[in-house]
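Raw start_23.csv, CSV, C-alpha atoms:
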```csv
chain,number,residue,atom,x,y,z
A,1,MET,CA,7.5,12.2,-14.8
A,2,SER,CA,10.6,12.6,-12.8
A,3,ARG,CA,10.6,14.4,-9.5
A,4,VAL,CA,12.7,17.5,-8.8
A,5,ALA,CA,14.1,17.5,-5.3
A,6,VAL,CA,12.8,20.4,-3.3
A,7,LYS,CA,13.9,21.9,0.0
A,8,THR,CA,11.8,20.4,2.7
A,9,ASP,CA,11.2,21.2,6.3
A,10,LEU,CA,10.5,17.5,7.2
A,11,ASP,CA,12.0,16.7,10.6
A,12,PRO,CA,15.5,15.2,9.8
A,13,ALA,CA,14.8,12.6,12.5
A,14,ILE,CA,11.9,11.4,10.4
A,15,ALA,CA,13.7,11.8,7.0
A,16,GLY,CA,16.5,9.7,8.3
A,17,ARG,CA,14.1,6.8,8.8
A,18,LEU,CA,12.7,6.8,5.3
A,19,LYS,CA,13.8,4.3,2.7
A,20,ARG,CA,12.9,5.9,-0.6
A,21,ASN,CA,12.6,4.2,-3.9
A,22,SER,CA,14.7,5.2,-6.9
A,23,ASP,CA,12.3,8.1,-7.5
A,24,GLY,CA,12.7,9.4,-3.9
A,25,LEU,CA,9.2,8.2,-2.9
A,26,VAL,CA,7.6,6.1,-0.3
A,27,ALA,CA,4.3,4.3,-0.7
A,28,ALA,CA,1.3,5.7,1.3
A,29,ILE,CA,-1.5,3.4,2.1
A,30,VAL,CA,-4.6,5.5,2.8
A,31,ARG,CA,-7.2,4.1,5.2
A,32,GLU,CA,-10.5,5.6,6.4
A,33,HIS,CA,-10.8,6.4,10.1
A,34,GLY,CA,-13.7,4.7,11.6
A,35,SER,CA,-14.6,2.2,8.9
A,36,GLY,CA,-11.0,1.1,8.5
A,37,ASP,CA,-11.6,0.8,4.8
A,38,VAL,CA,-8.5,0.9,2.6
A,39,LEU,CA,-9.1,3.7,0.2
A,40,MET,CA,-6.2,4.1,-2.1
A,41,LEU,CA,-2.4,3.8,-2.6
A,42,ALA,CA,-0.5,7.0,-3.3
A,43,TRP,CA,3.1,8.2,-3.1
A,44,MET,CA,5.0,10.8,-1.0
A,45,ASP,CA,8.4,12.4,-1.1
A,46,ASP,CA,9.8,14.1,2.0
A,47,GLU,CA,8.0,17.3,1.4
A,48,ALA,CA,4.6,15.7,0.8
A,49,LEU,CA,5.0,13.8,4.0
A,50,HIS,CA,6.0,17.0,5.8
A,51,ARG,CA,2.8,18.7,4.5
A,52,THR,CA,0.7,15.7,5.4
A,53,LEU,CA,2.1,15.8,9.0
A,54,THR,CA,1.6,19.5,9.4
A,55,THR,CA,-1.2,20.9,7.3
A,56,GLY,CA,-4.0,18.4,8.3
A,57,ARG,CA,-4.6,17.6,4.7
A,58,ALA,CA,-3.2,14.5,3.0
A,59,THR,CA,-0.8,15.6,0.4
A,60,TYR,CA,0.9,13.3,-2.2
A,61,TRP,CA,3.4,13.4,-5.0
A,62,SER,CA,1.5,12.8,-8.2
A,63,ARG,CA,3.7,10.7,-10.4
A,64,SER,CA,1.5,11.3,-13.5
A,65,ARG,CA,1.4,15.0,-13.1
A,66,GLY,CA,4.8,15.5,-11.6
A,67,GLU,CA,3.5,17.8,-8.8
A,68,TYR,CA,2.3,18.0,-5.3
A,69,TRP,CA,-1.3,16.9,-5.0
A,70,VAL,CA,-3.5,18.0,-2.1
A,71,LYS,CA,-6.1,15.3,-2.3
A,72,GLY,CA,-9.4,17.0,-2.8
A,73,ALA,CA,-8.0,20.3,-4.1
A,74,THR,CA,-9.9,19.8,-7.4
A,75,SER,CA,-12.7,17.4,-6.3
A,76,GLY,CA,-13.4,18.7,-2.9
A,77,HIS,CA,-12.8,15.2,-1.6
A,78,PHE,CA,-10.3,16.2,1.0
A,79,GLN,CA,-8.6,13.8,3.3
A,80,TYR,CA,-8.2,15.2,6.8
A,81,VAL,CA,-5.2,13.5,8.4
A,82,HIS,CA,-6.0,11.5,11.6
A,83,ASP,CA,-2.7,9.7,12.1
A,84,VAL,CA,0.3,8.5,10.2
A,85,ALA,CA,2.5,5.5,10.9
A,86,LEU,CA,5.7,4.3,9.2
A,87,ASP,CA,6.4,0.7,8.7
A,88,CYS,CA,9.2,-1.4,10.1
A,89,ASP,CA,11.5,-0.9,7.1
A,90,GLY,CA,10.7,2.7,6.4
A,91,ASP,CA,9.4,2.4,2.8
A,92,ALA,CA,5.7,2.5,3.4
A,93,LEU,CA,3.3,4.8,5.4
A,94,LEU,CA,-0.2,4.1,6.7
A,95,VAL,CA,-2.2,7.3,6.6
A,96,THR,CA,-5.5,7.3,8.4
A,97,VAL,CA,-7.9,10.0,7.2
A,98,GLU,CA,-11.3,11.4,7.5
A,99,GLN,CA,-12.4,11.1,3.9
A,100,VAL,CA,-14.8,13.7,2.4
A,101,GLY,CA,-16.9,12.1,-0.4
A,102,ALA,CA,-15.5,9.4,-2.6
A,103,ALA,CA,-11.8,8.6,-2.4
A,104,CYS,CA,-11.7,7.2,-6.0
A,105,HIS,CA,-11.8,9.4,-9.0
A,106,THR,CA,-14.4,7.0,-10.5
A,107,GLY,CA,-16.8,8.0,-7.7
A,108,GLU,CA,-16.4,4.7,-5.9
A,109,HIS,CA,-15.8,4.9,-2.1
A,110,THR,CA,-12.5,3.2,-2.5
A,111,CYS,CA,-10.1,2.5,-5.4
A,112,PHE,CA,-10.1,-1.2,-4.6
A,113,HIS,CA,-13.5,-2.1,-6.2
A,114,ASN,CA,-12.4,-4.7,-8.7
A,115,GLU,CA,-12.5,-8.2,-7.1
A,116,LEU,CA,-10.3,-10.8,-8.5
A,117,PRO,CA,-11.3,-14.5,-8.5
A,118,VAL,CA,-9.8,-16.6,-5.7
A,119,THR,CA,-9.7,-20.3,-5.7
A,120,ARG,CA,-8.1,-22.6,-3.1
A,121,PRO,CA,-6.9,-26.2,-3.1
A,122,GLU,CA,-9.0,-28.5,-1.0
A,123,GLY,CA,-8.0,-28.4,2.6
A,124,VAL,CA,-6.6,-24.9,2.5
A,125,THR,CA,-8.9,-22.5,4.3
A,126,PRO,CA,-10.1,-19.8,5.4
B,127,MET,CA,17.8,-7.5,-7.0
B,128,SER,CA,16.4,-7.6,-10.5
B,129,ARG,CA,13.6,-9.9,-11.3
B,130,VAL,CA,13.8,-12.6,-14.0
B,131,ALA,CA,10.6,-12.9,-16.0
B,132,VAL,CA,9.1,-16.3,-15.5
B,133,LYS,CA,6.4,-18.1,-17.4
B,134,THR,CA,3.2,-17.6,-15.6
B,135,ASP,CA,-0.3,-19.2,-15.7
B,136,LEU,CA,-1.9,-15.9,-14.6
B,137,ASP,CA,-5.2,-15.5,-16.4
B,138,PRO,CA,-4.3,-13.2,-19.4
B,139,ALA,CA,-7.5,-11.2,-18.7
B,140,ILE,CA,-6.2,-10.3,-15.3
B,141,ALA,CA,-2.6,-9.8,-16.5
B,142,GLY,CA,-3.9,-7.3,-19.1
B,143,ARG,CA,-5.3,-5.1,-16.4
B,144,LEU,CA,-2.1,-4.8,-14.4
B,145,LYS,CA,0.0,-1.7,-14.6
B,146,ARG,CA,3.4,-2.9,-13.4
B,147,ASN,CA,6.3,-0.7,-12.3
B,148,SER,CA,9.7,-0.7,-14.1
B,149,ASP,CA,10.6,-3.9,-12.1
B,150,GLY,CA,7.4,-5.7,-13.3
B,151,LEU,CA,5.7,-5.5,-9.9
B,152,VAL,CA,2.5,-4.2,-8.4
B,153,ALA,CA,2.1,-3.2,-4.8
B,154,ALA,CA,0.1,-5.4,-2.5
B,155,ILE,CA,-1.5,-4.0,0.6
B,156,VAL,CA,-2.2,-6.7,3.0
B,157,ARG,CA,-5.1,-6.4,5.4
B,158,GLU,CA,-6.4,-8.8,8.1
B,159,HIS,CA,-9.8,-10.2,7.6
B,160,GLY,CA,-12.1,-9.5,10.5
B,161,SER,CA,-10.0,-6.8,12.3
B,162,GLY,CA,-9.4,-4.9,9.1
B,163,ASP,CA,-5.9,-4.0,10.3
B,164,VAL,CA,-3.5,-3.1,7.6
B,165,LEU,CA,-0.6,-5.5,8.2
B,166,MET,CA,2.1,-4.8,5.6
B,167,LEU,CA,3.0,-3.7,2.1
B,168,ALA,CA,4.6,-6.2,-0.2
B,169,TRP,CA,5.1,-6.7,-4.0
B,170,MET,CA,3.9,-9.1,-6.6
B,171,ASP,CA,4.7,-10.0,-10.1
B,172,ASP,CA,2.2,-11.8,-12.3
B,173,GLU,CA,3.3,-15.3,-11.0
B,174,ALA,CA,3.1,-14.2,-7.4
B,175,LEU,CA,-0.4,-12.9,-8.0
B,176,HIS,CA,-1.3,-16.2,-9.8
B,177,ARG,CA,-0.1,-18.2,-6.8
B,178,THR,CA,-1.9,-15.9,-4.4
B,179,LEU,CA,-5.1,-16.3,-6.3
B,180,THR,CA,-4.9,-20.1,-6.7
B,181,THR,CA,-2.9,-21.7,-3.8
B,182,GLY,CA,-4.8,-20.0,-0.9
B,183,ARG,CA,-1.5,-18.7,0.5
B,184,ALA,CA,-0.3,-15.1,0.0
B,185,THR,CA,2.8,-15.2,-2.1
B,186,TYR,CA,5.0,-12.2,-2.9
B,187,TRP,CA,8.1,-11.3,-4.8
B,188,SER,CA,10.9,-10.6,-2.3
B,189,ARG,CA,12.8,-7.6,-3.7
B,190,SER,CA,15.6,-8.1,-1.2
B,191,ARG,CA,16.1,-11.8,-1.8
B,192,GLY,CA,15.1,-11.9,-5.5
B,193,GLU,CA,12.7,-14.8,-5.1
B,194,TYR,CA,9.2,-15.8,-4.5
B,195,TRP,CA,8.2,-15.6,-0.9
B,196,VAL,CA,5.3,-17.6,0.5
B,197,LYS,CA,4.6,-15.5,3.6
B,198,GLY,CA,5.0,-17.8,6.6
B,199,ALA,CA,7.1,-20.5,4.8
B,200,THR,CA,10.0,-19.8,7.3
B,201,SER,CA,8.2,-18.3,10.2
B,202,GLY,CA,5.0,-20.3,10.1
B,203,HIS,CA,3.1,-17.0,10.0
B,204,PHE,CA,1.1,-17.9,6.9
B,205,GLN,CA,-1.5,-15.6,5.3
B,206,TYR,CA,-4.5,-17.5,4.1
B,207,VAL,CA,-6.1,-15.6,1.3
B,208,HIS,CA,-9.6,-14.4,1.8
B,209,ASP,CA,-10.1,-12.1,-1.1
B,210,VAL,CA,-8.1,-9.9,-3.5
B,211,ALA,CA,-9.1,-6.7,-5.2
B,212,LEU,CA,-7.3,-4.6,-7.9
B,213,ASP,CA,-7.4,-0.9,-7.8
B,214,CYS,CA,-8.9,1.5,-10.4
B,215,ASP,CA,-5.6,2.0,-12.2
B,216,GLY,CA,-4.2,-1.5,-12.0
B,217,ASP,CA,-1.1,-0.8,-10.0
B,218,ALA,CA,-2.1,-1.9,-6.5
B,219,LEU,CA,-3.8,-4.9,-5.0
B,220,LEU,CA,-5.6,-5.2,-1.7
B,221,VAL,CA,-5.1,-8.7,-0.3
B,222,THR,CA,-7.3,-9.6,2.6
B,223,VAL,CA,-6.0,-12.5,4.6
B,224,GLU,CA,-6.3,-14.7,7.7
B,225,GLN,CA,-3.0,-13.9,9.4
B,226,VAL,CA,-1.4,-16.7,11.5
B,227,GLY,CA,0.7,-15.1,14.3
B,228,ALA,CA,2.4,-11.8,13.8
B,229,ALA,CA,2.6,-10.2,10.3
B,230,CYS,CA,5.8,-8.3,11.0
B,231,HIS,CA,9.2,-9.9,11.2
B,232,THR,CA,9.8,-7.8,14.4
B,233,GLY,CA,7.0,-9.8,16.1
B,234,GLU,CA,4.5,-6.9,16.1
B,235,HIS,CA,1.0,-7.6,14.8
B,236,THR,CA,1.4,-5.2,11.9
B,237,CYS,CA,4.4,-3.6,10.2
B,238,PHE,CA,2.9,-0.1,10.8
B,239,HIS,CA,3.8,0.3,14.5
B,240,ASN,CA,5.9,3.5,14.3
B,241,GLU,CA,3.5,6.5,14.8
B,242,LEU,CA,4.7,9.8,13.4
B,243,PRO,CA,3.8,13.1,15.0
B,244,VAL,CA,0.8,14.9,13.4
B,245,THR,CA,0.1,18.6,14.0
B,246,ARG,CA,-2.8,20.6,12.5
B,247,PRO,CA,-3.3,24.3,11.9
B,248,GLU,CA,-6.1,25.7,14.0
B,249,GLY,CA,-9.5,25.1,12.4
B,250,VAL,CA,-8.4,22.1,10.4
B,251,THR,CA,-10.0,19.0,11.9
B,252,PRO,CA,-10.7,16.0,12.3
```
Written as structure tokens, how would this file's structure read?
Amino acid sequence: MSRVAVKTDLDPAIAGRLKRNSDGLVAAIVREHGSGDVLMLAWMDDEALHRTLTTGRATYWSRSRGEYWVKGATSGHFQYVHDVALDCDGDALLVTVEQVGAACHTGEHTCFHNELPVTRPEGVTP
Amino acid sequence: MSRVAVKTDLDPAIAGRLKRNSDGLVAAIVREHGSGDVLMLAWMDDEALHRTLTTGRATYWSRSRGEYWVKGATSGHFQYVHDVALDCDGDALLVTVEQVGAACHTGEHTCFHNELPVTRPEGVTP
């Protein structure tokens, strides 16, 4: 679903550092404070980032629903924002949160619960 | 740069679970084994995932160069693949690696070294 640009109060100094994709979004990797577990990957536009940086609650742009998504607003599984970092080329964020309950809609702790088989040629470790 | 579809030996059972973006790519969150540090975000097509799962070395699709990118091939900063997990909706991977040297081309340990300012309304913790 396409995104309608909204007026945002995101600090222009931050907005100027973002390298958005063709939908106006940057990727947000969500990590649990304390455990360091990687919980999920979501997406933010400027306003979602502004809300994440200022409301204390992680807020994303839902690509499927075409609306802002305060994680936990429906499930109660809020993500309280601990810190946010931008990567070197401005197209990805690392959002560290206090996760209430399960991060994944399946009820799993993280969304990354499907292991894929890894094989290695002889002599290539770890 | 647009991606030319290549023949791939990726297991069709895995390929069938991927939900690729319009460029045929899935996001790959790269995490360091041991420290758990999130190092970078990269992208994979089916063949890059196949190479990552079978060669022991993390391999991505470079969107800027339009070619496969064995991380470390130029810098020596290889990523030896420890494990790979697919997320619940098939559009993101979590690749856990043994990182040789710095993950970021800037020389920093991780690409997420730019902290953004977080404020919280009173009463909203962590």
| task | With a distance threshold of 7 Å and counting only C-alpha atoms, extract the residues of chain B near chain A and express them as a ChimeraX atom specification. | result | /B:162,167,179-182,206,208-214,218,220,224,237-247,250-252
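The coordinates place atom CA of A:Asp46 at 13.4 Å from atom CA of A:Trp69.
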| query | Counting only C-alpha atoms, what is within 8 Å of A:Tyr60, bar same-chain residues fewer than 6 positions away, as a list in words? | reply |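 The filter keeps Ala42, Trp43, Met44, Asp45, Ala48, Leu49, Thr52, Tyr68, Trp69, Val70 and Lys71 of chain A.
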Least-squares fit of chain A onto chain B (C-alpha, ordered pairing) as a PDB file with C-alpha atoms, in the coordinates of the input:
```pdb
ATOM      1  CA  MET A   1      17.858  -7.514  -6.973  1.00  0.00           C
ATOM      2  CA  SER A   2      16.403  -7.609 -10.386  1.00  0.00           C
ATOM      3  CA  ARG A   3      13.579  -9.930 -11.262  1.00  0.00           C
ATOM      4  CA  VAL A   4      13.817 -12.598 -13.970  1.00  0.00           C
ATOM      5  CA  ALA A   5      10.605 -12.931 -15.914  1.00  0.00           C
ATOM      6  CA  VAL A   6       9.102 -16.349 -15.509  1.00  0.00           C
ATOM      7  CA  LYS A   7       6.357 -18.151 -17.397  1.00  0.00           C
ATOM      8  CA  THR A   8       3.156 -17.630 -15.546  1.00  0.00           C
ATOM      9  CA  ASP A   9      -0.245 -19.168 -15.711  1.00  0.00           C
ATOM     10  CA  LEU A  10      -1.979 -15.917 -14.520  1.00  0.00           C
ATOM     11  CA  ASP A  11      -5.248 -15.443 -16.401  1.00  0.00           C
ATOM     12  CA  PRO A  12      -4.332 -13.128 -19.391  1.00  0.00           C
ATOM     13  CA  ALA A  13      -7.582 -11.256 -18.700  1.00  0.00           C
ATOM     14  CA  ILE A  14      -6.171 -10.332 -15.321  1.00  0.00           C
ATOM     15  CA  ALA A  15      -2.559  -9.733 -16.568  1.00  0.00           C
ATOM     16  CA  GLY A  16      -3.895  -7.362 -19.124  1.00  0.00           C
ATOM     17  CA  ARG A  17      -5.294  -5.164 -16.362  1.00  0.00           C
ATOM     18  CA  LEU A  18      -2.081  -4.831 -14.417  1.00  0.00           C
ATOM     19  CA  LYS A  19       0.061  -1.732 -14.600  1.00  0.00           C
ATOM     20  CA  ARG A  20       3.477  -2.869 -13.461  1.00  0.00           C
ATOM     21  CA  ASN A  21       6.283  -0.707 -12.312  1.00  0.00           C
ATOM     22  CA  SER A  22       9.672  -0.694 -14.024  1.00  0.00           C
ATOM     23  CA  ASP A  23      10.547  -3.875 -12.116  1.00  0.00           C
ATOM     24  CA  GLY A  24       7.380  -5.686 -13.341  1.00  0.00           C
ATOM     25  CA  LEU A  25       5.708  -5.441  -9.900  1.00  0.00           C
ATOM     26  CA  VAL A  26       2.543  -4.220  -8.409  1.00  0.00           C
ATOM     27  CA  ALA A  27       2.130  -3.107  -4.820  1.00  0.00           C
ATOM     28  CA  ALA A  28       0.095  -5.436  -2.498  1.00  0.00           C
ATOM     29  CA  ILE A  29      -1.522  -3.952   0.494  1.00  0.00           C
ATOM     30  CA  VAL A  30      -2.164  -6.743   3.006  1.00  0.00           C
ATOM     31  CA  ARG A  31      -5.118  -6.368   5.375  1.00  0.00           C
ATOM     32  CA  GLU A  32      -6.395  -8.714   8.104  1.00  0.00           C
ATOM     33  CA  HIS A  33      -9.854 -10.207   7.631  1.00  0.00           C
ATOM     34  CA  GLY A  34     -12.037  -9.446  10.495  1.00  0.00           C
ATOM     35  CA  SER A  35     -10.057  -6.747  12.268  1.00  0.00           C
ATOM     36  CA  GLY A  36      -9.433  -4.867   9.043  1.00  0.00           C
ATOM     37  CA  ASP A  37      -5.986  -4.042  10.298  1.00  0.00           C
ATOM     38  CA  VAL A  38      -3.432  -3.098   7.644  1.00  0.00           C
ATOM     39  CA  LEU A  39      -0.599  -5.486   8.127  1.00  0.00           C
ATOM     40  CA  MET A  40       2.089  -4.855   5.629  1.00  0.00           C
ATOM     41  CA  LEU A  41       3.002  -3.684   2.083  1.00  0.00           C
ATOM     42  CA  ALA A  42       4.593  -6.239  -0.215  1.00  0.00           C
ATOM     43  CA  TRP A  43       5.114  -6.678  -3.953  1.00  0.00           C
ATOM     44  CA  MET A  44       3.865  -9.157  -6.613  1.00  0.00           C
ATOM     45  CA  ASP A  45       4.734  -9.968 -10.179  1.00  0.00           C
ATOM     46  CA  ASP A  46       2.264 -11.865 -12.361  1.00  0.00           C
ATOM     47  CA  GLU A  47       3.280 -15.210 -11.088  1.00  0.00           C
ATOM     48  CA  ALA A  48       3.089 -14.273  -7.405  1.00  0.00           C
ATOM     49  CA  LEU A  49      -0.358 -12.935  -7.989  1.00  0.00           C
ATOM     50  CA  HIS A  50      -1.307 -16.125  -9.834  1.00  0.00           C
ATOM     51  CA  ARG A  51      -0.106 -18.195  -6.818  1.00  0.00           C
ATOM     52  CA  THR A  52      -1.875 -15.909  -4.396  1.00  0.00           C
ATOM     53  CA  LEU A  53      -5.163 -16.357  -6.375  1.00  0.00           C
ATOM     54  CA  THR A  54      -4.845 -20.091  -6.620  1.00  0.00           C
ATOM     55  CA  THR A  55      -2.879 -21.645  -3.804  1.00  0.00           C
ATOM     56  CA  GLY A  56      -4.731 -20.005  -0.810  1.00  0.00           C
ATOM     57  CA  ARG A  57      -1.485 -18.717   0.519  1.00  0.00           C
ATOM     58  CA  ALA A  58      -0.302 -15.140   0.002  1.00  0.00           C
ATOM     59  CA  THR A  59       2.758 -15.232  -2.085  1.00  0.00           C
ATOM     60  CA  TYR A  60       5.019 -12.201  -2.885  1.00  0.00           C
ATOM     61  CA  TRP A  61       8.078 -11.275  -4.857  1.00  0.00           C
ATOM     62  CA  SER A  62      10.810 -10.523  -2.371  1.00  0.00           C
ATOM     63  CA  ARG A  63      12.789  -7.651  -3.759  1.00  0.00           C
ATOM     64  CA  SER A  64      15.635  -8.133  -1.214  1.00  0.00           C
ATOM     65  CA  ARG A  65      16.006 -11.783  -1.847  1.00  0.00           C
ATOM     66  CA  GLY A  66      15.095 -11.822  -5.484  1.00  0.00           C
ATOM     67  CA  GLU A  67      12.691 -14.806  -5.105  1.00  0.00           C
ATOM     68  CA  TYR A  68       9.185 -15.874  -4.565  1.00  0.00           C
ATOM     69  CA  TRP A  69       8.200 -15.621  -0.928  1.00  0.00           C
ATOM     70  CA  VAL A  70       5.333 -17.656   0.521  1.00  0.00           C
ATOM     71  CA  LYS A  71       4.628 -15.567   3.559  1.00  0.00           C
ATOM     72  CA  GLY A  72       5.041 -17.801   6.538  1.00  0.00           C
ATOM     73  CA  ALA A  73       7.170 -20.449   4.807  1.00  0.00           C
ATOM     74  CA  THR A  74      10.019 -19.775   7.292  1.00  0.00           C
ATOM     75  CA  SER A  75       8.091 -18.248  10.252  1.00  0.00           C
ATOM     76  CA  GLY A  76       4.975 -20.252  10.127  1.00  0.00           C
ATOM     77  CA  HIS A  77       3.063 -16.994   9.955  1.00  0.00           C
ATOM     78  CA  PHE A  78       1.074 -17.899   6.916  1.00  0.00           C
ATOM     79  CA  GLN A  79      -1.436 -15.647   5.312  1.00  0.00           C
ATOM     80  CA  TYR A  80      -4.486 -17.536   4.087  1.00  0.00           C
ATOM     81  CA  VAL A  81      -6.004 -15.561   1.215  1.00  0.00           C
ATOM     82  CA  HIS A  82      -9.626 -14.378   1.812  1.00  0.00           C
ATOM     83  CA  ASP A  83     -10.059 -12.048  -1.148  1.00  0.00           C
ATOM     84  CA  VAL A  84      -8.080  -9.928  -3.523  1.00  0.00           C
ATOM     85  CA  ALA A  85      -9.099  -6.710  -5.235  1.00  0.00           C
ATOM     86  CA  LEU A  86      -7.288  -4.584  -7.838  1.00  0.00           C
ATOM     87  CA  ASP A  87      -7.462  -0.888  -7.787  1.00  0.00           C
ATOM     88  CA  CYS A  88      -8.895   1.465 -10.360  1.00  0.00           C
ATOM     89  CA  ASP A  89      -5.585   2.001 -12.176  1.00  0.00           C
ATOM     90  CA  GLY A  90      -4.260  -1.502 -11.928  1.00  0.00           C
ATOM     91  CA  ASP A  91      -1.001  -0.841 -10.011  1.00  0.00           C
ATOM     92  CA  ALA A  92      -2.039  -1.817  -6.542  1.00  0.00           C
ATOM     93  CA  LEU A  93      -3.809  -4.887  -4.963  1.00  0.00           C
ATOM     94  CA  LEU A  94      -5.668  -5.176  -1.663  1.00  0.00           C
ATOM     95  CA  VAL A  95      -5.163  -8.652  -0.281  1.00  0.00           C
ATOM     96  CA  THR A  96      -7.334  -9.663   2.617  1.00  0.00           C
ATOM     97  CA  VAL A  97      -5.918 -12.545   4.661  1.00  0.00           C
ATOM     98  CA  GLU A  98      -6.357 -14.654   7.656  1.00  0.00           C
ATOM     99  CA  GLN A  99      -3.071 -13.951   9.379  1.00  0.00           C
ATOM    100  CA  VAL A 100      -1.385 -16.684  11.492  1.00  0.00           C
ATOM    101  CA  GLY A 101       0.725 -15.083  14.284  1.00  0.00           C
ATOM    102  CA  ALA A 102       2.476 -11.802  13.779  1.00  0.00           C
ATOM    103  CA  ALA A 103       2.593 -10.296  10.302  1.00  0.00           C
ATOM    104  CA  CYS A 104       5.805  -8.286  11.060  1.00  0.00           C
ATOM    105  CA  HIS A 105       9.159  -9.885  11.266  1.00  0.00           C
ATOM    106  CA  THR A 106       9.777  -7.852  14.468  1.00  0.00           C
ATOM    107  CA  GLY A 107       6.961  -9.815  16.145  1.00  0.00           C
ATOM    108  CA  GLU A 108       4.580  -6.880  16.047  1.00  0.00           C
ATOM    109  CA  HIS A 109       1.015  -7.627  14.792  1.00  0.00           C
ATOM    110  CA  THR A 110       1.475  -5.232  11.965  1.00  0.00           C
ATOM    111  CA  CYS A 111       4.451  -3.540  10.250  1.00  0.00           C
ATOM    112  CA  PHE A 112       2.904  -0.125  10.779  1.00  0.00           C
ATOM    113  CA  HIS A 113       3.829   0.317  14.504  1.00  0.00           C
ATOM    114  CA  ASN A 114       5.853   3.493  14.323  1.00  0.00           C
ATOM    115  CA  GLU A 115       3.560   6.552  14.779  1.00  0.00           C
ATOM    116  CA  LEU A 116       4.660   9.761  13.347  1.00  0.00           C
ATOM    117  CA  PRO A 117       3.760  13.110  14.979  1.00  0.00           C
ATOM    118  CA  VAL A 118       0.802  14.941  13.432  1.00  0.00           C
ATOM    119  CA  THR A 119       0.044  18.520  13.998  1.00  0.00           C
ATOM    120  CA  ARG A 120      -2.749  20.600  12.423  1.00  0.00           C
ATOM    121  CA  PRO A 121      -3.344  24.312  11.905  1.00  0.00           C
ATOM    122  CA  GLU A 122      -6.131  25.710  14.000  1.00  0.00           C
ATOM    123  CA  GLY A 123      -9.471  25.179  12.409  1.00  0.00           C
ATOM    124  CA  VAL A 124      -8.464  22.123  10.442  1.00  0.00           C
ATOM    125  CA  THR A 125     -10.006  19.014  11.940  1.00  0.00           C
ATOM    126  CA  PRO A 126     -10.665  15.971  12.435  1.00  0.00           C
TER     127      PRO A 126
END
```
| message | I'd like the interatomic distance between atom CA of B:Thr134 and atom CA of B:Glu173, to a tenth of an Å. | response |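 Distance between the two atoms: 5.1 Å.
The space separating atom CA of A:Ser22 from atom CA of B:Ser190 comes to 14.5 Å.
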